[in-house]
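So this block is model.csv, CSV, C-alpha atoms and all ligand atoms:
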```csv
chain,number,residue,atom,x,y,z
M,1166,LYS,CA,86.6,38.0,139.1
M,1167,TYR,CA,85.5,41.3,137.5
M,1168,LYS,CA,81.8,41.9,137.8
M,1169,GLY,CA,81.1,45.4,136.8
M,1170,ILE,CA,82.5,48.3,134.7
M,1171,ILE,CA,82.9,52.0,135.5
M,1172,PHE,CA,83.1,54.4,132.6
M,1173,ASP,CA,84.6,57.9,132.6
M,1174,LEU,CA,82.5,60.2,130.4
M,1175,ASP,CA,84.5,63.0,128.7
M,1176,GLY,CA,86.9,61.4,126.3
M,1177,VAL,CA,85.6,57.9,126.8
M,1178,ILE,CA,81.9,57.8,126.0
M,1179,VAL,CA,81.7,61.1,124.2
M,1180,ASP,CA,84.3,63.5,122.7
M,1181,THR,CA,83.6,66.5,124.9
M,1182,ALA,CA,87.3,66.7,125.9
M,1183,LYS,CA,88.0,68.8,122.8
M,1184,PHE,CA,85.2,71.3,123.8
M,1185,HIS,CA,86.6,71.6,127.3
M,1186,TYR,CA,90.0,72.4,125.7
M,1187,LEU,CA,88.5,75.0,123.3
M,1188,ALA,CA,86.6,76.7,126.1
M,1189,TRP,CA,89.6,76.8,128.5
M,1190,ARG,CA,91.8,78.0,125.6
M,1191,LYS,CA,89.4,80.8,124.9
M,1192,LEU,CA,89.5,81.9,128.5
M,1193,ALA,CA,93.3,81.8,128.5
M,1194,ASN,CA,93.5,83.7,125.2
M,1195,ASP,CA,91.1,86.4,126.6
M,1196,MET,CA,93.5,86.9,129.5
M,1197,GLY,CA,96.5,87.2,127.1
M,1198,PHE,CA,98.1,83.7,127.2
M,1199,ASP,CA,97.7,80.3,125.6
M,1200,ILE,CA,97.5,76.7,126.7
M,1201,THR,CA,99.0,73.8,124.7
M,1202,LEU,CA,97.6,70.4,123.9
M,1203,GLU,CA,100.2,69.0,126.2
M,1204,GLN,CA,99.0,71.2,129.1
M,1205,ASN,CA,95.5,70.1,128.2
M,1206,GLU,CA,96.3,66.5,128.9
M,1207,GLN,CA,96.9,67.5,132.5
M,1208,LEU,CA,93.4,69.0,132.7
M,1209,LYS,CA,91.6,65.9,131.6
M,1210,GLY,CA,89.6,64.3,134.4
M,1211,VAL,CA,90.5,67.2,136.6
M,1212,SER,CA,87.7,69.1,138.3
M,1213,ARG,CA,86.6,72.6,137.1
M,1214,ILE,CA,88.1,74.4,140.1
M,1215,HIS,CA,91.4,72.6,139.9
M,1216,SER,CA,91.6,73.1,136.1
M,1217,LEU,CA,91.2,76.9,136.5
M,1218,GLU,CA,93.7,77.0,139.3
M,1219,ARG,CA,96.2,75.3,137.1
M,1220,ILE,CA,95.5,77.4,134.0
M,1221,LEU,CA,95.9,80.6,136.0
M,1222,GLY,CA,99.1,79.3,137.4
M,1223,TRP,CA,100.4,78.6,133.9
M,1224,GLY,CA,99.5,82.1,132.8
M,1225,GLY,CA,101.1,83.6,135.9
M,1226,LYS,CA,97.7,85.2,136.8
M,1227,SER,CA,96.1,85.6,140.2
M,1228,VAL,CA,92.5,86.8,140.5
M,1229,SER,CA,90.0,87.6,143.3
M,1230,GLU,CA,87.6,85.0,144.5
M,1231,ASP,CA,84.7,86.7,142.7
M,1232,LYS,CA,86.6,86.9,139.5
M,1233,PHE,CA,87.5,83.2,139.9
M,1234,GLU,CA,83.8,82.4,140.1
M,1235,THR,CA,83.0,84.5,137.1
M,1236,LEU,CA,85.7,82.9,135.0
M,1237,MET,CA,84.4,79.4,136.0
M,1238,ALA,CA,80.8,80.3,135.1
M,1239,SER,CA,81.7,81.9,131.8
M,1240,LYS,CA,83.9,78.9,130.8
M,1241,ASN,CA,81.0,76.6,131.6
M,1242,GLU,CA,78.6,78.7,129.6
M,1243,ASP,CA,80.9,78.6,126.6
M,1244,TYR,CA,81.4,74.9,127.0
M,1245,LEU,CA,77.6,74.2,127.3
M,1246,ALA,CA,77.0,76.3,124.1
M,1247,ARG,CA,79.6,74.2,122.3
M,1248,ILE,CA,78.1,70.9,123.3
M,1249,SER,CA,74.4,71.8,123.0
M,1250,GLY,CA,72.4,69.6,120.6
M,1251,MET,CA,74.3,66.5,121.4
M,1252,SER,CA,72.5,63.3,120.4
M,1253,ALA,CA,73.1,59.5,120.2
M,1254,GLU,CA,75.2,60.2,117.1
M,1255,ASP,CA,77.9,61.8,119.3
M,1256,LEU,CA,78.7,58.5,121.1
M,1257,LEU,CA,82.3,57.8,120.3
M,1258,PRO,CA,82.8,55.0,117.7
M,1259,GLY,CA,82.7,51.5,119.2
M,1260,VAL,CA,81.2,52.6,122.5
M,1261,LYS,CA,77.6,51.6,121.7
M,1262,LYS,CA,78.5,48.0,120.9
M,1263,VAL,CA,80.1,47.6,124.3
M,1264,LEU,CA,77.3,49.2,126.2
M,1265,ASP,CA,74.7,47.1,124.3
M,1266,TYR,CA,76.6,44.0,125.2
M,1267,LEU,CA,76.8,44.8,128.9
M,1268,TYR,CA,73.2,45.9,129.0
M,1269,GLU,CA,71.9,42.8,127.2
M,1270,ASN,CA,73.9,40.5,129.4
M,1271,LYS,CA,72.9,42.3,132.6
M,1272,ILE,CA,76.4,43.2,133.6
M,1273,PRO,CA,76.1,46.3,135.8
M,1274,PHE,CA,77.9,49.4,134.8
M,1275,ALA,CA,78.3,52.9,136.2
M,1276,LEU,CA,79.5,56.3,135.3
M,1277,GLY,CA,82.4,57.8,137.2
M,1278,SER,CA,83.0,61.3,135.9
M,1279,ALA,CA,84.5,64.5,137.3
M,1280,SER,CA,82.0,66.6,135.3
M,1281,LYS,CA,79.1,68.4,136.9
M,1282,ASN,CA,77.5,68.4,133.5
M,1283,ALA,CA,77.5,64.6,133.2
M,1284,ARG,CA,73.7,63.9,133.7
M,1285,PRO,CA,72.4,66.3,131.0
M,1286,ILE,CA,75.1,65.0,128.6
M,1287,LEU,CA,74.0,61.4,129.2
M,1288,LYS,CA,70.4,62.4,128.7
M,1289,GLY,CA,71.3,64.1,125.4
M,1290,LEU,CA,73.0,60.9,124.3
M,1291,GLY,CA,69.8,59.0,125.3
M,1292,ILE,CA,71.7,56.5,127.5
M,1293,SER,CA,71.0,57.6,131.1
M,1294,GLU,CA,68.7,54.7,131.9
M,1295,TRP,CA,71.3,52.1,130.9
M,1296,PHE,CA,73.5,52.9,133.8
M,1297,THR,CA,73.0,51.2,137.1
M,1298,ALA,CA,74.6,54.2,138.8
M,1299,ILE,CA,75.8,57.6,137.9
M,1300,VAL,CA,78.4,59.3,140.0
M,1301,ASP,CA,79.7,62.7,138.9
M,1302,GLY,CA,81.3,65.9,140.1
M,1303,ASN,CA,78.1,66.8,142.0
M,1304,ASP,CA,78.4,63.6,144.1
M,1305,VAL,CA,81.9,63.6,145.3
M,1306,HIS,CA,84.2,66.0,147.2
M,1307,LYS,CA,87.6,64.8,146.2
M,1308,ALA,CA,88.6,65.1,142.6
M,1309,LYS,CA,90.6,62.6,140.5
M,1310,PRO,CA,93.4,61.4,141.0
M,1311,ASP,CA,91.7,60.8,144.3
M,1312,PRO,CA,89.8,57.4,143.9
M,1313,GLU,CA,86.6,58.7,145.6
M,1314,VAL,CA,84.5,58.9,142.5
M,1315,PHE,CA,85.2,55.3,141.5
M,1316,LEU,CA,84.9,54.0,145.1
M,1317,VAL,CA,81.4,55.5,145.4
M,1318,ALA,CA,80.5,54.1,142.0
M,1319,ALA,CA,81.6,50.6,143.1
M,1320,GLU,CA,79.5,51.0,146.2
M,1321,LYS,CA,76.5,51.9,144.2
M,1322,LEU,CA,77.0,48.9,142.0
M,1323,ALA,CA,77.2,46.8,145.2
M,1324,LEU,CA,80.7,45.6,144.1
M,1325,LYS,CA,84.1,45.5,145.8
M,1326,PRO,CA,86.7,47.8,144.2
M,1327,GLU,CA,88.7,44.8,143.0
M,1328,GLU,CA,85.7,43.5,141.1
M,1329,CYS,CA,85.5,46.7,139.0
M,1330,VAL,CA,87.1,47.6,135.7
M,1331,VAL,CA,87.6,51.3,134.8
M,1332,PHE,CA,87.7,52.8,131.3
M,1333,GLU,CA,89.5,56.2,131.4
M,1334,ASP,CA,91.2,58.7,129.0
M,1335,SER,CA,93.0,60.8,131.6
M,1336,VAL,CA,96.2,60.5,133.5
M,1337,ALA,CA,94.4,61.6,136.7
M,1338,GLY,CA,91.7,59.1,136.1
M,1339,ILE,CA,94.0,56.1,135.6
M,1340,GLU,CA,95.8,57.1,138.8
M,1341,ALA,CA,92.4,57.2,140.6
M,1342,ALA,CA,91.4,53.8,139.3
M,1343,ASN,CA,94.8,52.3,140.3
M,1344,ARG,CA,94.5,53.8,143.7
M,1345,ALA,CA,91.0,52.4,144.1
M,1346,GLY,CA,92.4,48.9,143.5
M,1347,MET,CA,90.5,48.5,140.2
M,1348,LEU,CA,91.7,47.3,136.8
M,1349,SER,CA,92.4,50.3,134.7
M,1350,VAL,CA,91.9,50.4,130.9
M,1351,GLY,CA,93.3,53.5,129.2
M,1352,ILE,CA,91.6,55.0,126.2
M,1353,GLY,CA,94.1,57.2,124.3
M,1354,ASP,CA,97.8,57.6,123.8
M,1355,LYS,CA,100.1,54.8,125.0
M,1356,GLU,CA,102.8,57.2,126.1
M,1357,VAL,CA,100.4,59.4,128.1
M,1358,LEU,CA,98.5,56.6,129.7
M,1359,LYS,CA,101.4,54.3,130.5
M,1360,GLY,CA,100.1,53.8,134.1
M,1361,ALA,CA,97.1,51.8,132.9
M,1362,ASP,CA,96.8,48.0,133.0
M,1363,TYR,CA,95.6,47.9,129.4
M,1364,ILE,CA,95.6,50.7,126.8
M,1365,PHE,CA,93.6,51.1,123.6
M,1366,ALA,CA,93.6,54.0,121.1
M,1367,ASP,CA,89.8,54.0,121.1
M,1368,PHE,CA,86.8,51.7,121.5
M,1369,THR,CA,87.0,50.5,117.9
M,1370,GLU,CA,90.2,48.7,119.0
M,1371,ILE,CA,88.3,46.8,121.7
M,1372,ASP,CA,86.5,43.7,120.7
M,1373,LEU,CA,83.8,42.1,122.8
M,1374,GLU,CA,86.1,39.1,123.4
M,1375,PHE,CA,88.3,41.3,125.5
M,1376,ILE,CA,85.4,42.4,127.6
M,1377,LYS,CA,84.1,38.8,127.9
M,1378,LYS,CA,87.5,37.6,129.0
M,1379,LEU,CA,87.7,40.3,131.7
M,1380,LEU,CA,84.4,39.3,133.1
M,1381,GLU,CA,85.3,35.6,133.1
M,1382,SER,CA,88.7,36.1,134.7
O,1401,LIG,P1,82.7,70.2,134.3
O,1401,LIG,P2,85.5,63.2,133.0
O,1401,LIG,C1,86.1,65.8,133.4
O,1401,LIG,O1,85.2,64.8,133.0
O,1401,LIG,C2,86.8,66.4,132.2
O,1401,LIG,O2,87.7,65.4,131.7
O,1401,LIG,C3,87.6,67.6,132.6
O,1401,LIG,O3,88.3,68.1,131.5
O,1401,LIG,C4,86.6,68.6,133.2
O,1401,LIG,O4,87.3,69.7,133.7
O,1401,LIG,C5,85.9,68.0,134.4
O,1401,LIG,O5,85.2,66.8,133.9
O,1401,LIG,C6,84.9,68.9,135.0
O,1401,LIG,O6,83.9,69.1,134.1
O,1401,LIG,O7,83.3,71.5,134.1
O,1401,LIG,O8,81.7,69.8,133.2
O,1401,LIG,O9,82.1,70.0,135.6
O,1401,LIG,O10,86.6,63.0,132.0
O,1401,LIG,O11,85.9,62.9,134.5
O,1401,LIG,O12,84.2,62.6,132.6
O,1402,MG,MG,87.8,61.8,130.8
```

Please express the file's structure as structure tokens.
Amino acid sequence: KYKGIIFDLDGVIVDTAKFHYLAWRKLANDMGFDITLEQNEQLKGVSRIHSLERILGWGGKSVSEDKFETLMASKNEDYLARISGMSAEDLLPGVKKVLDYLYENKIPFALGSASKNARPILKGLGISEWFTAIVDGNDVHKAKPDPEVFLVAAEKLALKPEECVVFEDSVAGIEAANRAGMLSVGIGDKEVLKGADYIFADFTEIDLEFIKKLLES
């Protein structure tokens, strides 16, 4: 029986994924190369460090440790500037309805995000207090597709992994949820997220009956 839900943040609750892409793309362009939308799919759910390693690899660049740190810091500064001023209006369509339902029915839910910016983003959206637990890139050592972030979230919800459902928009995150032994629900493209147990284009496609059935089954 499923008893709790773990939400990814970027690309599931809020559309920050496009701002990550724009900020990484600017960094690449400044270094003389470009990254495609297809390559960006491989960055979703992936930690900041691993994202930069991959991007530099695609561009055939190698940099000193200091330069690597500087690049990460400036990407983050650029990203934060792009998402500043986020409010409840930036919740992705259909998400609020599901969170409201869970909260009213006292079904515990957690955040399981790779982002180190997750807490301020949730605060901006005005929904921090709704979460029973928040686990983000500051709390775990192994990045998705490692299941650590979701296993820690389950532990904080006091649930077994097999009692949890994960909503994810990234290939790495679906793999992490599957490896954690949880039910995986993909939010996004069917072709890209084919490893998920269920796939929806976005939350407007998910009706509350689907959620209720999961929690009853
Ligand atoms: P930050 P999620 C992930 O968040 C993003 O999908 C990924 O693109 C980003 O690189 C990663 O967080 C780290 O984010 O630079 O803010 O620490 O999808 O797991 O919520
Ligand atoms: Mg995501």

(Q) Neighbours of ligand MG 1402 (chain O) at 7 Å or closer, counting all atoms listed in the file: which residues, as a VMD selection string? (A) chain M and resid 1173 to 1177 1182 1209 to 1210 1333 to 1335

Would you give me, as a Markdown table, each residue of chain M having an atom within 10 Å of an atom of ligand LIG 1401 (chain O), along with its shortest atom pair and that distance in Å to one decimal, using all atoms listed in the file and sorting by chain and residue number?
```
| residue | atom | partner | partner_atom | distance |
| --- | --- | --- | --- | --- |
| M:Phe1172 | CA | O:LIG1401 | O12 | 8.3 |
| M:Asp1173 | CA | O:LIG1401 | O12 | 4.7 |
| M:Leu1174 | CA | O:LIG1401 | O12 | 3.7 |
| M:Asp1175 | CA | O:LIG1401 | O10 | 3.9 |
| M:Gly1176 | CA | O:LIG1401 | O10 | 5.9 |
| M:Val1177 | CA | O:LIG1401 | O10 | 7.4 |
| M:Ile1178 | CA | O:LIG1401 | O12 | 8.5 |
| M:Val1179 | CA | O:LIG1401 | O12 | 8.9 |
| M:Asp1180 | CA | O:LIG1401 | O10 | 9.6 |
| M:Thr1181 | CA | O:LIG1401 | C2 | 8.0 |
| M:Ala1182 | CA | O:LIG1401 | O3 | 5.9 |
| M:Lys1183 | CA | O:LIG1401 | O3 | 8.7 |
| M:Phe1184 | CA | O:LIG1401 | O3 | 8.9 |
| M:His1185 | CA | O:LIG1401 | O3 | 5.7 |
| M:Tyr1186 | CA | O:LIG1401 | O3 | 7.4 |
| M:Trp1189 | CA | O:LIG1401 | O4 | 9.1 |
| M:Asn1205 | CA | O:LIG1401 | O3 | 8.2 |
| M:Glu1206 | CA | O:LIG1401 | O3 | 8.6 |
| M:Gln1207 | CA | O:LIG1401 | O3 | 8.7 |
| M:Leu1208 | CA | O:LIG1401 | O3 | 5.3 |
| M:Lys1209 | CA | O:LIG1401 | O2 | 3.9 |
| M:Gly1210 | CA | O:LIG1401 | O2 | 3.5 |
| M:Val1211 | CA | O:LIG1401 | C3 | 5.0 |
| M:Ser1212 | CA | O:LIG1401 | C6 | 4.3 |
| M:Arg1213 | CA | O:LIG1401 | O4 | 4.5 |
| M:Ile1214 | CA | O:LIG1401 | O4 | 8.0 |
| M:His1215 | CA | O:LIG1401 | O4 | 8.0 |
| M:Ser1216 | CA | O:LIG1401 | O4 | 6.0 |
| M:Leu1217 | CA | O:LIG1401 | O4 | 8.7 |
| M:Met1237 | CA | O:LIG1401 | O7 | 8.2 |
| M:Ala1238 | CA | O:LIG1401 | O7 | 9.2 |
| M:Lys1240 | CA | O:LIG1401 | O7 | 8.1 |
| M:Asn1241 | CA | O:LIG1401 | O7 | 6.1 |
| M:Glu1242 | CA | O:LIG1401 | O7 | 9.7 |
| M:Tyr1244 | CA | O:LIG1401 | O8 | 8.0 |
| M:Leu1245 | CA | O:LIG1401 | O8 | 8.4 |
| M:Leu1276 | CA | O:LIG1401 | O12 | 8.3 |
| M:Gly1277 | CA | O:LIG1401 | O11 | 6.7 |
| M:Ser1278 | CA | O:LIG1401 | O11 | 3.6 |
| M:Ala1279 | CA | O:LIG1401 | O11 | 3.5 |
| M:Ser1280 | CA | O:LIG1401 | O6 | 3.4 |
| M:Lys1281 | CA | O:LIG1401 | O9 | 3.6 |
| M:Asn1282 | CA | O:LIG1401 | O8 | 4.4 |
| M:Ala1283 | CA | O:LIG1401 | O8 | 6.7 |
| M:Arg1284 | CA | O:LIG1401 | O8 | 10.0 |
| M:Ile1286 | CA | O:LIG1401 | O8 | 9.4 |
| M:Val1300 | CA | O:LIG1401 | O12 | 10.0 |
| M:Asp1301 | CA | O:LIG1401 | O11 | 7.6 |
| M:Gly1302 | CA | O:LIG1401 | O9 | 6.1 |
| M:Asn1303 | CA | O:LIG1401 | O9 | 8.2 |
| M:Ala1308 | CA | O:LIG1401 | O11 | 8.8 |
| M:Lys1309 | CA | O:LIG1401 | O11 | 7.6 |
| M:Val1314 | CA | O:LIG1401 | O11 | 9.1 |
| M:Glu1333 | CA | O:LIG1401 | O10 | 7.4 |
| M:Asp1334 | CA | O:LIG1401 | O10 | 7.0 |
| M:Ser1335 | CA | O:LIG1401 | O10 | 6.8 |
| M:Val1336 | CA | O:LIG1401 | O2 | 10.0 |
| M:Ala1337 | CA | O:LIG1401 | O11 | 8.9 |
| M:Gly1338 | CA | O:LIG1401 | O11 | 7.1 |
```

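With only C-alpha atoms taken into account, the protein and nucleic acid residues at most 9 Å from Ile1339 of chain M (excluding it and anything under 3 positions from it in its own chain) are Lys1309, Pro1310, Val1331, Phe1332, Glu1333, Asp1334, Ser1335, Val1336, Ala1342, Asn1343, Arg1344, Ser1349, Val1350, Gly1351, Leu1358, Gly1360, Ala1361 and Asp1362 of chain M.
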
Serialized selection, C-alpha atoms, as a compact mmCIF listing (two decimals), keeping the file's coordinate frame:
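Final output, selection-v7.txt:
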```txt
# COMPACT_ATOMS: atom_id res chain seq x y z
CA LYS M 1309 90.60 62.60 140.50
CA PRO M 1310 93.40 61.40 141.00
CA VAL M 1331 87.60 51.30 134.80
CA PHE M 1332 87.70 52.80 131.30
CA GLU M 1333 89.50 56.20 131.40
CA ASP M 1334 91.20 58.70 129.00
CA SER M 1335 93.00 60.80 131.60
CA VAL M 1336 96.20 60.50 133.50
CA ALA M 1342 91.40 53.80 139.30
CA ASN M 1343 94.80 52.30 140.30
CA ARG M 1344 94.50 53.80 143.70
CA SER M 1349 92.40 50.30 134.70
CA VAL M 1350 91.90 50.40 130.90
CA GLY M 1351 93.30 53.50 129.20
CA LEU M 1358 98.50 56.60 129.70
CA GLY M 1360 100.10 53.80 134.10
CA ALA M 1361 97.10 51.80 132.90
CA ASP M 1362 96.80 48.00 133.00
```

Q: Work out how far apart atom CA of Lys1168 of chain M and atom CA of Glu1381 of chain M are and give it in Å to one decimal.
A: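 Distance between the two atoms: 8.6 Å.
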
Q: In Å, rounded to a single decimal, give me how far atom CA of Lys1261 of chain M is from atom CA of Ser1293 of chain M.
A: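 So the two atoms, atom CA of Ser1293 of chain M and atom CA of Lys1261 of chain M, lie 13.0 Å apart.
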
(Q) I want to know what sits within 7 Å of Leu1290 of chain M, based on only C-alpha atoms, with residues of the same chain fewer than 6 positions away left out; could you give that as a ChimeraX atom specification? (A) /M:1251-1253,1256

Q: Tell me which of M:Glu1340, M:Pro1273, M:Gly1259, M:Val1305 sits closest to Phe1365 of chain M, counting all atoms listed in the file.
A: M:Gly1259

Q) Which residue gives the smallest distance to Asp1243 of chain M among M:Lys1325, M:Arg1190, M:Lys1377, M:Tyr1268, with only C-alpha atoms counted? A)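 Distance minimum relative to Asp1243 of chain M lands on M:Arg1190.
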
**Q.** Residue among M:Lys1166, M:Glu1230, M:Leu1187, M:Glu1203 lying closest to Asp1354 of chain M, counting only C-alpha atoms
**A.**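 Among M:Lys1166, M:Glu1230, M:Leu1187, M:Glu1203, it is M:Glu1203 that comes nearest to Asp1354 of chain M.
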
Q) Contacts of Met1196 of chain M at 10 Å or less, counting only C-alpha atoms, minus same-chain residues fewer than 5 places along, as a ChimeraX atom specification? A) /M:1190-1191,1221,1224,1226
